[in-house]
Every structure is written in C-alpha cells, then in structure tokens.
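Here is the file input_13.csv (CSV, C-alpha atoms and all ligand atoms).
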chain,number,residue,atom,x,y,z
A,113,MET,CA,-2.1,216.3,-2.7
A,114,LYS,CA,0.1,218.9,-1.0
A,115,ILE,CA,1.5,217.8,2.4
A,116,LEU,CA,3.3,220.0,4.9
A,117,ALA,CA,5.6,218.0,7.1
A,118,ILE,CA,7.4,219.1,10.3
A,119,GLU,CA,10.3,217.5,12.1
A,120,SER,CA,11.5,218.6,15.6
A,121,SER,CA,12.5,215.4,17.4
A,122,CYS,CA,16.0,216.5,18.4
A,123,ASP,CA,18.0,219.6,17.6
A,124,GLU,CA,16.9,220.3,14.0
A,125,THR,CA,13.8,222.4,13.4
A,126,ALA,CA,12.6,221.4,9.9
A,127,ALA,CA,9.7,221.7,7.6
A,128,ALA,CA,9.0,220.5,4.0
A,129,VAL,CA,6.3,220.5,1.4
A,130,PHE,CA,5.6,217.5,-0.8
A,131,GLU,CA,3.2,217.6,-3.8
A,132,ASP,CA,2.5,213.9,-4.5
A,133,GLU,CA,5.9,212.4,-5.2
A,134,ILE,CA,7.6,215.8,-5.7
A,135,LEU,CA,9.5,217.5,-2.9
A,136,LEU,CA,8.7,221.2,-3.3
A,137,SER,CA,10.7,222.5,-0.4
A,138,ASN,CA,12.9,221.3,2.4
A,139,ILE,CA,14.0,223.8,5.1
A,140,ILE,CA,16.3,222.8,8.0
A,141,ALA,CA,17.5,225.0,10.9
A,142,SER,CA,20.2,223.3,13.0
A,143,GLN,CA,20.5,224.6,16.5
A,144,GLU,CA,24.0,226.0,17.2
A,145,VAL,CA,23.2,226.6,20.9
A,146,HIS,CA,24.4,223.1,21.8
A,147,ILE,CA,28.0,223.3,20.4
A,148,GLU,CA,29.5,224.8,23.5
A,149,TYR,CA,28.0,222.0,25.6
A,150,GLY,CA,29.4,219.2,23.4
A,151,GLY,CA,25.9,217.6,23.0
A,152,VAL,CA,22.2,218.3,22.8
A,153,VAL,CA,20.7,220.0,25.9
A,154,PRO,CA,17.0,219.1,25.9
A,155,GLU,CA,15.7,222.2,27.6
A,156,LEU,CA,17.6,224.5,25.1
A,157,ALA,CA,16.4,222.4,22.2
A,158,SER,CA,12.7,222.8,22.9
A,159,ARG,CA,13.1,226.5,23.5
A,160,ALA,CA,15.0,226.9,20.2
A,161,HIS,CA,12.2,224.9,18.4
A,162,ILE,CA,9.6,227.3,19.8
A,163,ALA,CA,11.6,230.3,18.7
A,164,LYS,CA,12.1,229.0,15.1
A,165,ILE,CA,9.2,226.8,14.1
A,166,SER,CA,6.8,229.4,12.8
A,167,ALA,CA,9.5,231.0,10.6
A,168,ILE,CA,10.8,227.6,9.3
A,169,VAL,CA,7.2,226.5,8.3
A,170,GLY,CA,6.7,230.0,6.7
A,171,LYS,CA,10.0,229.5,4.8
A,172,ALA,CA,9.0,226.0,3.6
A,173,LEU,CA,5.6,227.3,2.3
A,174,LYS,CA,7.3,230.2,0.6
A,175,SER,CA,10.0,228.2,-1.0
A,176,ALA,CA,7.3,225.7,-2.3
A,177,HIS,CA,5.5,228.8,-3.7
A,178,CYS,CA,2.3,228.2,-1.7
A,179,THR,CA,0.4,229.4,1.3
A,180,VAL,CA,-1.2,227.3,4.1
A,181,GLU,CA,-4.5,227.6,2.1
A,182,ASP,CA,-2.9,225.4,-0.6
A,183,ILE,CA,-2.0,222.6,1.9
A,184,ASP,CA,-4.2,219.5,1.9
A,185,ALA,CA,-2.7,217.7,5.0
A,186,VAL,CA,-0.2,218.2,7.8
A,187,ALA,CA,2.2,215.7,9.3
A,188,ALA,CA,4.7,215.8,12.2
A,189,THR,CA,7.2,213.5,13.9
A,190,TYR,CA,5.6,212.3,17.2
A,191,GLY,CA,8.4,210.0,18.3
A,192,PRO,CA,11.0,208.7,19.1
A,193,GLY,CA,12.9,211.8,20.4
A,194,LEU,CA,13.1,214.4,23.1
A,195,ALA,CA,9.6,214.9,24.6
A,196,GLY,CA,10.0,218.7,24.9
A,197,SER,CA,11.2,219.0,21.3
A,198,LEU,CA,8.5,216.6,19.8
A,199,ILE,CA,5.8,218.6,21.6
A,200,VAL,CA,6.7,221.7,19.7
A,201,GLY,CA,6.4,220.2,16.2
A,202,VAL,CA,3.3,218.1,17.0
A,203,THR,CA,1.4,221.0,18.7
A,204,PHE,CA,2.3,223.4,15.8
A,205,ALA,CA,1.1,220.8,13.2
A,206,LYS,CA,-2.1,220.0,15.1
A,207,GLY,CA,-2.8,223.8,15.5
A,208,LEU,CA,-2.6,224.2,11.7
A,209,ALA,CA,-4.7,221.2,11.1
A,210,LEU,CA,-7.4,222.4,13.5
A,211,ALA,CA,-7.4,226.0,12.2
A,212,HIS,CA,-7.5,225.0,8.6
A,213,ASN,CA,-9.6,221.8,8.9
A,214,LEU,CA,-6.9,219.6,7.5
A,215,PRO,CA,-6.1,215.9,8.2
A,216,PHE,CA,-3.2,215.4,10.6
A,217,LEU,CA,-0.8,212.4,10.8
A,218,GLY,CA,1.8,211.6,13.4
A,219,ILE,CA,4.9,210.0,11.9
A,220,ASN,CA,7.6,207.8,13.4
A,221,HIS,CA,11.1,209.4,13.1
A,222,ILE,CA,12.8,206.1,12.4
A,223,GLU,CA,10.3,205.2,9.7
A,224,GLY,CA,11.1,208.7,8.2
A,225,HIS,CA,14.8,207.8,8.1
A,226,ILE,CA,14.0,204.5,6.4
A,227,PHE,CA,12.0,206.1,3.7
A,228,SER,CA,14.4,209.0,3.3
A,229,ALA,CA,15.9,206.6,0.7
A,230,SER,CA,12.8,206.9,-1.5
A,231,ILE,CA,12.7,210.8,-1.6
A,232,GLU,CA,15.0,210.7,-4.6
A,233,ASN,CA,14.0,207.1,-5.7
A,234,SER,CA,10.2,207.0,-5.7
A,235,GLU,CA,10.3,203.7,-7.5
A,236,LEU,CA,12.0,202.0,-4.4
A,237,ARG,CA,9.6,199.5,-3.0
A,238,PRO,CA,9.9,197.0,-0.1
A,239,PRO,CA,11.1,194.3,0.6
A,240,PHE,CA,14.5,195.7,1.5
A,241,LEU,CA,17.0,195.8,4.3
A,242,ALA,CA,17.4,199.1,6.2
A,243,LEU,CA,20.6,200.1,8.1
A,244,VAL,CA,19.6,203.1,10.2
A,245,ILE,CA,22.6,204.7,11.7
A,246,SER,CA,22.3,208.0,13.4
A,247,GLY,CA,23.2,209.9,16.6
A,248,GLY,CA,20.5,208.1,18.6
A,249,HIS,CA,19.9,204.8,16.7
A,250,SER,CA,21.7,201.9,15.1
A,251,LEU,CA,19.2,199.5,13.7
A,252,LEU,CA,19.1,196.7,11.1
A,253,VAL,CA,15.5,196.4,9.9
A,254,LEU,CA,13.8,194.1,7.5
A,255,VAL,CA,11.2,196.3,5.7
A,256,GLN,CA,8.5,194.2,4.2
A,257,GLY,CA,6.0,197.0,3.5
A,258,VAL,CA,5.0,200.5,4.8
A,259,GLY,CA,4.3,199.7,8.5
A,260,THR,CA,5.6,196.1,8.4
A,261,TYR,CA,9.0,196.1,10.0
A,262,GLN,CA,11.1,193.4,11.7
A,263,ILE,CA,14.0,194.7,13.8
A,264,LEU,CA,16.8,192.2,13.2
A,265,GLY,CA,19.3,194.0,15.4
A,266,THR,CA,19.9,197.1,17.4
A,267,THR,CA,22.8,198.5,19.5
A,268,ILE,CA,23.3,197.0,22.9
A,269,ASP,CA,25.1,200.2,24.1
A,270,ASP,CA,26.0,203.3,22.1
A,271,ALA,CA,24.6,204.2,18.7
A,272,ALA,CA,27.0,204.6,15.9
A,273,GLY,CA,26.8,208.4,15.7
A,274,GLU,CA,27.1,208.6,19.5
A,275,ALA,CA,30.4,206.6,19.2
A,276,TYR,CA,31.6,209.0,16.6
A,277,ASP,CA,30.7,212.0,18.8
A,278,LYS,CA,32.3,210.5,21.9
A,279,VAL,CA,35.5,209.4,20.1
A,280,ALA,CA,35.8,212.9,18.6
A,281,LYS,CA,35.6,214.4,22.1
A,282,ILE,CA,38.3,212.0,23.3
A,283,ILE,CA,40.7,212.9,20.5
A,284,GLY,CA,39.9,216.7,20.9
A,285,LEU,CA,37.6,217.3,17.9
A,286,PRO,CA,34.6,219.6,18.2
A,287,TYR,CA,30.9,218.5,18.3
A,288,PRO,CA,29.3,217.0,16.2
A,289,GLY,CA,32.2,214.6,15.9
A,290,GLY,CA,31.0,212.5,12.9
A,291,PRO,CA,31.8,215.0,10.1
A,292,ASN,CA,35.1,216.0,11.8
A,293,ILE,CA,36.3,212.4,12.2
A,294,ASP,CA,35.2,211.7,8.6
A,295,ASN,CA,37.4,214.5,7.3
A,296,LEU,CA,40.4,213.8,9.5
A,297,ALA,CA,40.3,210.0,8.9
A,298,SER,CA,40.8,210.5,5.2
A,299,GLN,CA,44.4,211.7,6.0
A,300,GLY,CA,45.1,208.9,8.5
A,301,ASP,CA,46.8,205.5,8.3
A,302,GLU,CA,44.2,202.7,8.9
A,303,SER,CA,47.0,200.3,9.9
A,304,PHE,CA,48.3,202.4,12.8
A,305,VAL,CA,46.5,200.4,15.4
A,306,LYS,CA,43.9,197.6,15.3
A,307,PHE,CA,40.8,198.4,17.3
A,308,PRO,CA,38.4,195.5,18.4
A,309,VAL,CA,35.3,194.8,16.4
A,310,ALA,CA,32.6,193.5,18.8
A,311,ARG,CA,30.6,190.4,18.0
A,312,ILE,CA,27.7,189.7,20.3
A,313,LYS,CA,27.0,186.1,21.1
A,314,ASN,CA,23.7,184.7,19.7
A,315,GLN,CA,22.8,188.2,18.4
A,316,PRO,CA,24.4,188.3,14.9
A,317,TYR,CA,22.6,191.5,13.9
A,318,CYS,CA,23.2,193.5,17.1
A,319,PHE,CA,25.8,196.3,17.4
A,320,SER,CA,28.1,197.3,20.2
A,321,PHE,CA,30.3,200.4,20.0
A,322,SER,CA,31.1,201.1,23.6
A,323,GLY,CA,34.1,198.8,23.8
A,324,LEU,CA,35.6,200.4,20.7
A,325,LYS,CA,35.2,203.8,22.2
A,326,THR,CA,37.0,202.6,25.4
A,327,ALA,CA,39.8,201.1,23.3
A,328,VAL,CA,40.3,204.4,21.5
A,329,LEU,CA,40.3,206.2,24.9
A,330,TYR,CA,43.1,203.9,26.3
A,331,LYS,CA,45.1,204.0,23.1
A,332,TYR,CA,44.9,207.8,23.0
A,333,ARG,CA,45.8,208.2,26.7
A,334,SER,CA,48.8,205.9,26.2
A,335,LEU,CA,50.4,208.4,23.7
A,336,SER,CA,52.4,211.4,24.7
A,337,GLU,CA,51.0,214.8,23.7
A,338,ALA,CA,53.3,215.1,20.7
A,339,GLU,CA,52.3,211.6,19.6
A,340,GLN,CA,48.6,212.4,20.1
A,341,ASN,CA,49.0,215.4,17.7
A,342,THR,CA,51.0,213.3,15.1
A,343,HIS,CA,48.6,210.4,15.2
A,344,ARG,CA,45.2,212.0,15.7
A,345,ALA,CA,44.3,211.3,12.0
A,346,ASP,CA,45.5,207.7,12.3
A,347,ILE,CA,43.4,207.1,15.4
A,348,ALA,CA,40.4,208.6,13.6
A,349,ALA,CA,41.0,206.3,10.5
A,350,CYS,CA,41.5,203.2,12.7
A,351,PHE,CA,38.3,203.9,14.7
A,352,GLN,CA,36.4,204.5,11.5
A,353,LYS,CA,37.7,201.2,10.0
A,354,ALA,CA,36.5,199.3,13.1
A,355,VAL,CA,33.0,200.8,12.7
A,356,ILE,CA,32.9,199.8,9.1
A,357,ASP,CA,34.3,196.4,9.8
A,358,ALA,CA,31.5,195.9,12.5
A,359,ILE,CA,28.8,196.9,10.0
A,360,CYS,CA,29.7,195.2,6.7
A,361,PRO,CA,29.6,191.5,7.7
A,362,LYS,CA,26.1,192.0,9.2
A,363,ILE,CA,24.8,193.4,6.0
A,364,THR,CA,26.2,190.5,3.9
A,365,ALA,CA,24.7,188.0,6.3
A,366,ALA,CA,21.3,189.7,6.5
A,367,MET,CA,21.0,190.1,2.7
A,368,GLN,CA,21.7,186.4,2.3
A,369,GLU,CA,19.6,185.1,5.1
A,370,PHE,CA,16.5,187.0,4.0
A,371,ASN,CA,17.2,186.6,0.3
A,372,LEU,CA,17.0,190.4,-0.4
A,373,GLU,CA,18.0,192.3,-3.5
A,374,LYS,CA,17.8,195.9,-2.1
A,375,MET,CA,19.0,197.7,0.9
A,376,VAL,CA,19.0,201.3,2.2
A,377,MET,CA,21.6,203.0,4.4
A,378,VAL,CA,20.1,206.0,6.2
A,379,GLY,CA,20.6,208.3,9.2
A,380,GLY,CA,23.3,210.9,10.0
A,381,VAL,CA,26.2,208.4,9.9
A,382,ALA,CA,25.2,207.4,6.4
A,383,ARG,CA,26.8,210.7,5.4
A,384,ASN,CA,30.2,209.1,6.2
A,385,SER,CA,32.3,209.1,3.1
A,386,ALA,CA,34.4,206.0,3.8
A,387,LEU,CA,31.2,204.0,4.8
A,388,ARG,CA,29.5,205.1,1.6
A,389,ALA,CA,32.4,204.0,-0.5
A,390,THR,CA,32.8,200.7,1.3
A,391,MET,CA,29.1,199.9,1.1
A,392,LYS,CA,29.1,200.7,-2.6
A,393,GLU,CA,31.9,198.2,-3.1
A,394,LEU,CA,30.1,195.6,-1.0
A,395,SER,CA,26.9,196.1,-3.0
A,396,VAL,CA,28.8,195.5,-6.3
A,397,LYS,CA,30.6,192.4,-4.8
A,398,GLN,CA,27.4,190.9,-3.3
A,399,ARG,CA,25.2,192.0,-6.2
A,400,PHE,CA,22.5,194.0,-4.4
A,401,GLN,CA,21.1,197.4,-5.1
A,402,LEU,CA,22.2,200.0,-2.6
A,403,PHE,CA,20.2,203.2,-1.9
A,404,VAL,CA,21.9,205.9,0.1
A,405,PRO,CA,20.2,209.3,0.2
A,406,ALA,CA,22.0,212.6,-0.5
A,407,GLY,CA,23.6,214.0,2.7
A,408,ILE,CA,20.9,216.5,3.3
A,409,PHE,CA,18.3,213.7,3.6
A,410,CYS,CA,20.6,211.6,5.9
A,411,THR,CA,20.6,213.9,8.8
A,412,ASP,CA,17.3,214.9,10.4
A,413,ASN,CA,15.0,216.6,8.0
A,414,ALA,CA,11.3,217.0,7.3
A,415,ALA,CA,11.3,215.7,3.7
A,416,MET,CA,11.6,212.2,5.1
A,417,ILE,CA,8.6,212.8,7.3
A,418,GLY,CA,6.7,214.1,4.4
A,419,LYS,CA,7.6,211.0,2.3
A,420,VAL,CA,6.2,208.6,4.9
A,421,ALA,CA,3.1,210.9,5.3
A,422,GLN,CA,2.6,210.7,1.6
A,423,LEU,CA,2.7,206.9,1.6
A,424,ARG,CA,0.4,206.7,4.7
A,425,PHE,CA,-2.1,209.3,3.6
A,426,ALA,CA,-2.4,207.4,0.3
A,427,ASN,CA,-3.4,204.4,2.4
A,428,GLY,CA,-6.2,206.5,3.9
A,429,GLU,CA,-4.5,206.8,7.3
A,430,LYS,CA,-4.9,209.8,9.7
A,431,SER,CA,-4.3,210.5,13.4
A,432,GLU,CA,-6.6,211.9,15.9
A,433,LEU,CA,-5.9,215.4,17.2
A,434,ASP,CA,-5.4,214.0,20.7
A,435,LEU,CA,-2.3,212.0,19.6
A,436,SER,CA,0.4,212.4,22.3
A,437,VAL,CA,4.1,212.5,21.6
A,438,SER,CA,5.9,209.2,22.2
A,439,PRO,CA,9.5,209.7,23.1
A,440,ASN,CA,10.3,205.9,23.1
A,441,LEU,CA,8.2,205.0,20.1
A,442,SER,CA,9.4,201.8,18.4
A,443,ILE,CA,8.8,200.7,14.8
A,444,ASP,CA,7.8,197.1,15.3
B,1,LIG,O1,20.2,211.4,11.9
B,1,LIG,P1,20.9,212.5,12.7
B,1,LIG,O2,20.9,213.9,12.2
B,1,LIG,O3,20.2,212.7,14.1
B,1,LIG,C1,19.7,211.6,14.9
B,1,LIG,O4,18.5,211.2,14.6
B,1,LIG,O5,20.4,211.1,15.7
B,1,LIG,O6,22.4,212.0,13.0
B,1,LIG,C2,23.3,212.7,13.7
B,1,LIG,C3,24.6,211.9,13.9
B,1,LIG,C4,25.6,212.6,14.8
B,1,LIG,O7,26.1,211.7,15.7
B,1,LIG,C5,26.8,212.9,13.8
B,1,LIG,O8,28.0,212.9,14.4
B,1,LIG,C6,26.6,211.8,12.8
B,1,LIG,O9,25.2,211.7,12.6
B,1,LIG,N1,27.2,212.2,11.5
B,1,LIG,C7,28.3,211.5,10.9
B,1,LIG,C8,28.6,212.2,9.7
B,1,LIG,N2,27.8,213.3,9.6
B,1,LIG,C9,26.9,213.2,10.7
B,1,LIG,N3,29.0,210.4,11.4
B,1,LIG,C10,30.0,210.0,10.6
B,1,LIG,N4,30.4,210.6,9.5
B,1,LIG,C11,29.8,211.7,9.0
B,1,LIG,N5,30.2,212.3,7.9
B,2,ZN,ZN,17.3,211.1,13.2

Show me this structure written as structure tokens.
Amino acid sequence: MKILAIESSCDETAAAVFEDEILLSNIIASQEVHIEYGGVVPELASRAHIAKISAIVGKALKSAHCTVEDIDAVAATYGPGLAGSLIVGVTFAKGLALAHNLPFLGINHIEGHIFSASIENSELRPPFLALVISGGHSLLVLVQGVGTYQILGTTIDDAAGEAYDKVAKIIGLPYPGGPNIDNLASQGDESFVKFPVARIKNQPYCFSFSGLKTAVLYKYRSLSEAEQNTHRADIAACFQKAVIDAICPKITAAMQEFNLEKMVMVGGVARNSALRATMKELSVKQRFQLFVPAGIFCTDNAAMIGKVAQLRFANGEKSELDLSVSPNLSID
C-alpha cells in the first residue's frame, strides 16, 4: 500500500511517500521568511505553505518514482498547530483524495513525532515511554498502543525548544536558537554558573523552563559586554546542562514507575547532541532500550505522519472528508 503523507502544521511544508514499511521519499521545505522576525509569523507561514505545497508533493512523488495514480491513500496532519497552516495541508490532501477517489486520514502531529522513532525501527512496538520535546511541546507520554496514550506530564510554561529559542535570543544568537546553542555549548564550561532546575510540587513528570530562561537573562545582564562575549559559550553550556538535568531524573522515575523497557526521544530538541549523548549513557546505566530518530526525522517532517497513517490504515481507519483542522488537538 502506497501512502502519500503531508505535514504543514507550523513552518515546514513537507510530503513523504511510504510503501508499507518502506519510506520511499521524504521532502521538507523549511520556510526562511521567519528568520528576520525571530519566530514563526502565522500569516506568513500559511502563505508560504500555499506557495510551496504543490511543488513539494510533486517532488515527493517524483523522488518515490511514482505518480498520484500509484497512490492508495492520502494522510495529512490536522492538529495541533497553526490553523492557517494546517488548513493548507489538510485541504490539499482532501482535494487529492476526492479527485482520485482515495481514502483520507487526518493525523495528530504529536502522534507523528512519537512514531517518528519507528520510521527506522519498524520492529519497535508499545509499550514504551515517549519524551516529546519540540518548539511547541514538552510531553512525557506513556504509549500503550497506537491510539492509547497517557500523558504523564507536560510543560507548565515554555516548551523545551521555546526555551532554547528564547535563551538564544537573550545571548544574541540567531533563530532558531536550538542548533546554535547546541554548537556553542560544546565549547563552553558547564561549571561557569549553576542555573536552577525546576521541580513542580506534586507533578513529578511536569516540566517548567520559564524560570531557567529568566535566570539566564539576569545572569547575562549582570555581565559587562566584554564578559558577555567571553562567556557566551559558558552560559549556553550551563543552560543546556540545566535542561538536561531537568529531563533525566523524570525519565529514570517514569521508566521505573511504569516498569518499562523501552523509550523514545523525539521532536526538534531531540536533535541536541549533548542530550542525545546523556540519554544514551542513562539508557545504558538504567538498562533500557533508547530509540532516537535521525535528525531529519526529529524536526517536523511528513515521514512521521506517513508512519502513523500506515499503522492506522492497517487498522482499517479512515477520516471523513469533512474533517476540520484542530489547532489544539490533544493525544489523550
Ligand atoms: O519539532 P520541531 O521541528 O517543531 C515543532 O513541532 O515545534 O522543533 C523545533 C524546535 C525549535 O525550538 C529548535 O530550536 C529546536 O527544535 N531544535 C533544537 C536543536 N535543533 C532544533 N534544540 C536543541 N538542540 C538542537 N540541536
Ligand atoms: Zn513538531
């Protein structure tokens, strides 16, 4: 079965083709129009999706060596995300489904991130723990099956990627901040300053990154311009250490409490090199299997949407063509 999947929930216009468990193509166009604003501008994002979607879908089909006539089903992200962006992908997918009499399926973006870990590991099966850390989300999810999710914790303020992007801005690095902090931190001294790691009373699996961001702001402002330049990498390294220190104990506790043997770390922040290395060490120490997708499958992509579509179409599911986008869609 060949599935064409479309992702347009934020600022990536993406399309992919799966044939059963094999990913035939995966095309992503990142929108550069937002760089000068230091963050995603929703109106510009939807316009850019409209301008690009047809060409991106065409490229995905071409690179999979097929035409739309070879496609058996169409899927698109219908939430959560920016309404104007979601509408472009969903409407395009529905149009194709209607014109070519194909089944259509709306897919949850977060569920896509969770199963991005099985794009390269089709043998991966629930139960497992999922740490979803991206620009818009920080979630710890108990995955019991496809469609059976228990959110153990979420962020009470900023998402992890949002904290990276805001801290980057504070210390004068360009958007998106995550990769820039990652690079700079590798040259910094983690012991330069100790930033606070938030623990939330009675919510052991919830995250909070806003206090950390403020602590970075105050520390950075307390330095002279010369000190800021000398210690920029140190601040990046200390911030990153605090993020990792906030995440790791929650993983250890959840794996033990729910008696799990496998976990996945997914979403844009899962690209972070220090976090990947620390989680690998933790998995060895705590004796669990860790699945982290290749970088290209961590940030928003359509292959992850195709992966969930493949699992759900196999269960006989399909959506009606009047399915609306759902900007605040949850997974539980
Ligand atoms: O999953 P994603 O592409 O979009 C959302 O669904 O939000 O994640 C984007 C986020 C951005 O905040 C970006 O700064 C962060 O992922 N990110 C990173 C790295 N690469 C991307 N954060 C830390 N280290 C990285 N190497
Ligand atoms: Zn995402």

Contacts of Ile245 of chain A within 12 Å, all atoms listed in the file, excl. fewer than 2 positions in-chain, as a VMD selection string:
chain A and resid 222 225 to 226 242 to 243 247 to 253 265 to 267 270 to 276 290 319 355 to 356 359 376 to 384 387 404 410 to 412

Limited to C-alpha atoms, could you put the picked residues into a file as an mmCIF file, in the frame of the given file?
data_model
loop_
_atom_site.group_PDB
_atom_site.id
_atom_site.type_symbol
_atom_site.label_atom_id
_atom_site.label_comp_id
_atom_site.auth_asym_id
_atom_site.auth_seq_id
_atom_site.Cartn_x
_atom_site.Cartn_y
_atom_site.Cartn_z
ATOM 1 C CA ILE A 222 12.800 206.100 12.400
ATOM 2 C CA HIS A 225 14.800 207.800 8.100
ATOM 3 C CA ILE A 226 14.000 204.500 6.400
ATOM 4 C CA ALA A 242 17.400 199.100 6.200
ATOM 5 C CA LEU A 243 20.600 200.100 8.100
ATOM 6 C CA GLY A 247 23.200 209.900 16.600
ATOM 7 C CA GLY A 248 20.500 208.100 18.600
ATOM 8 C CA HIS A 249 19.900 204.800 16.700
ATOM 9 C CA SER A 250 21.700 201.900 15.100
ATOM 10 C CA LEU A 251 19.200 199.500 13.700
ATOM 11 C CA LEU A 252 19.100 196.700 11.100
ATOM 12 C CA VAL A 253 15.500 196.400 9.900
ATOM 13 C CA GLY A 265 19.300 194.000 15.400
ATOM 14 C CA THR A 266 19.900 197.100 17.400
ATOM 15 C CA THR A 267 22.800 198.500 19.500
ATOM 16 C CA ASP A 270 26.000 203.300 22.100
ATOM 17 C CA ALA A 271 24.600 204.200 18.700
ATOM 18 C CA ALA A 272 27.000 204.600 15.900
ATOM 19 C CA GLY A 273 26.800 208.400 15.700
ATOM 20 C CA GLU A 274 27.100 208.600 19.500
ATOM 21 C CA ALA A 275 30.400 206.600 19.200
ATOM 22 C CA TYR A 276 31.600 209.000 16.600
ATOM 23 C CA GLY A 290 31.000 212.500 12.900
ATOM 24 C CA PHE A 319 25.800 196.300 17.400
ATOM 25 C CA VAL A 355 33.000 200.800 12.700
ATOM 26 C CA ILE A 356 32.900 199.800 9.100
ATOM 27 C CA ILE A 359 28.800 196.900 10.000
ATOM 28 C CA VAL A 376 19.000 201.300 2.200
ATOM 29 C CA MET A 377 21.600 203.000 4.400
ATOM 30 C CA VAL A 378 20.100 206.000 6.200
ATOM 31 C CA GLY A 379 20.600 208.300 9.200
ATOM 32 C CA GLY A 380 23.300 210.900 10.000
ATOM 33 C CA VAL A 381 26.200 208.400 9.900
ATOM 34 C CA ALA A 382 25.200 207.400 6.400
ATOM 35 C CA ARG A 383 26.800 210.700 5.400
ATOM 36 C CA ASN A 384 30.200 209.100 6.200
ATOM 37 C CA LEU A 387 31.200 204.000 4.800
ATOM 38 C CA VAL A 404 21.900 205.900 0.100
ATOM 39 C CA CYS A 410 20.600 211.600 5.900
ATOM 40 C CA THR A 411 20.600 213.900 8.800
ATOM 41 C CA ASP A 412 17.300 214.900 10.400
#

Point-to-point distance in Å for atom CA of Tyr261 of chain A and atom CA of Asp444 of chain A
5.5 Å

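Atom to atom, atom CA of Gly224 of chain A and atom CA of Gln315 of chain A stand 25.7 Å apart.
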
Set the distance at 6 Å and use all atoms listed in the file: which residues neighbour Ser137 of chain A once local chain neighbours fewer than 3 positions away are removed? I'd like the list as number ranges by chain.
A: 128-129, 172, 175-176

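With atom CA of Lys171 of chain A on one side and atom CA of Ala205 of chain A on the other, the separation reads 15.0 Å.
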
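Each of A:Ala348, A:Ala310, A:Leu173, A:Ala188 was compared to Val420 of chain A using all atoms listed in the file, and A:Ala188 turns out to be the nearest.
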
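When all atoms listed in the file are used to compute distances to ligand ZN 2 (chain B), the closest of the residues A:Phe370, A:Phe227, A:Tyr317, A:Phe400 turns out to be A:Phe227.
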
Counting all atoms listed in the file, which residue out of A:Pro286, A:Gly151, A:Gly193, A:Gly300 sits closest to ligand ZN 2 (chain B)?
A:Gly193

Which residues are near Ala414 of chain A? Cut-off 6 Å, all atoms listed in the file, ignore same chain within fewer than 3 positions. Put them as number ranges by chain.
A: 117-119, 126-128, 417

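Considering the residues A:Pro154, A:Gly170, A:Pro192, A:Gly428 and counting only C-alpha atoms and all ligand atoms, ligand ZN 2 (chain B) has its shortest atom-to-atom contact with A:Pro192.
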
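You can rank A:Met367, A:Leu264, A:Val169, A:Val244 by their closest distance to ligand LIG 1 (chain B) using all atoms listed in the file, and at the top of that list sits A:Val244.
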
With distances taken over all atoms listed in the file, which of A:Thr342, A:Thr125, A:Gln398, A:Ser334 is nearest to ligand ZN 2 (chain B)?
A:Thr125

Please output segment 381-386 of chain A, rebuilt to include all heavy atoms, as a JSON list (two decimals), in the coordinates of the input.
[["chain", "number", "residue", "atom", "x", "y", "z"],
["A", 381, "VAL", "N", 24.87, 209.06, 10.17],
["A", 381, "VAL", "CA", 26.20, 208.40, 9.90],
["A", 381, "VAL", "C", 26.29, 207.92, 8.48],
["A", 381, "VAL", "O", 27.40, 207.73, 7.98],
["A", 381, "VAL", "CB", 26.42, 207.28, 10.96],
["A", 381, "VAL", "CG1", 27.78, 206.63, 10.77],
["A", 381, "VAL", "CG2", 26.30, 207.82, 12.38],
["A", 382, "ALA", "N", 25.15, 207.78, 7.81],
["A", 382, "ALA", "CA", 25.20, 207.40, 6.40],
["A", 382, "ALA", "C", 25.82, 208.46, 5.52],
["A", 382, "ALA", "O", 26.08, 208.25, 4.34],
["A", 382, "ALA", "CB", 23.78, 207.05, 5.90],
["A", 383, "ARG", "N", 26.09, 209.63, 6.10],
["A", 383, "ARG", "CA", 26.80, 210.70, 5.40],
["A", 383, "ARG", "C", 28.30, 210.34, 5.28],
["A", 383, "ARG", "O", 29.03, 210.94, 4.50],
["A", 383, "ARG", "CB", 26.74, 212.02, 6.11],
["A", 383, "ARG", "CG", 25.42, 212.68, 6.04],
["A", 383, "ARG", "CD", 25.49, 214.03, 6.71],
["A", 383, "ARG", "NE", 25.92, 215.03, 5.75],
["A", 383, "ARG", "CZ", 25.24, 216.13, 5.49],
["A", 383, "ARG", "NH1", 24.12, 216.37, 6.10],
["A", 383, "ARG", "NH2", 25.67, 217.00, 4.61],
["A", 384, "ASN", "N", 28.75, 209.40, 6.10],
["A", 384, "ASN", "CA", 30.20, 209.10, 6.20],
["A", 384, "ASN", "C", 30.78, 208.68, 4.87],
["A", 384, "ASN", "O", 30.32, 207.68, 4.28],
["A", 384, "ASN", "CB", 30.43, 208.08, 7.29],
["A", 384, "ASN", "CG", 31.90, 207.90, 7.55],
["A", 384, "ASN", "OD1", 32.53, 207.04, 6.96],
["A", 384, "ASN", "ND2", 32.46, 208.74, 8.39],
["A", 385, "SER", "N", 31.82, 209.37, 4.42],
["A", 385, "SER", "CA", 32.30, 209.10, 3.10],
["A", 385, "SER", "C", 32.96, 207.74, 2.93],
["A", 385, "SER", "O", 32.74, 207.06, 1.93],
["A", 385, "SER", "CB", 33.28, 210.22, 2.64],
["A", 385, "SER", "OG", 34.28, 210.37, 3.60],
["A", 386, "ALA", "N", 33.72, 207.30, 3.94],
["A", 386, "ALA", "CA", 34.40, 206.00, 3.80],
["A", 386, "ALA", "C", 33.31, 204.87, 3.87],
["A", 386, "ALA", "O", 33.41, 203.88, 3.14],
["A", 386, "ALA", "CB", 35.35, 205.80, 4.99]]
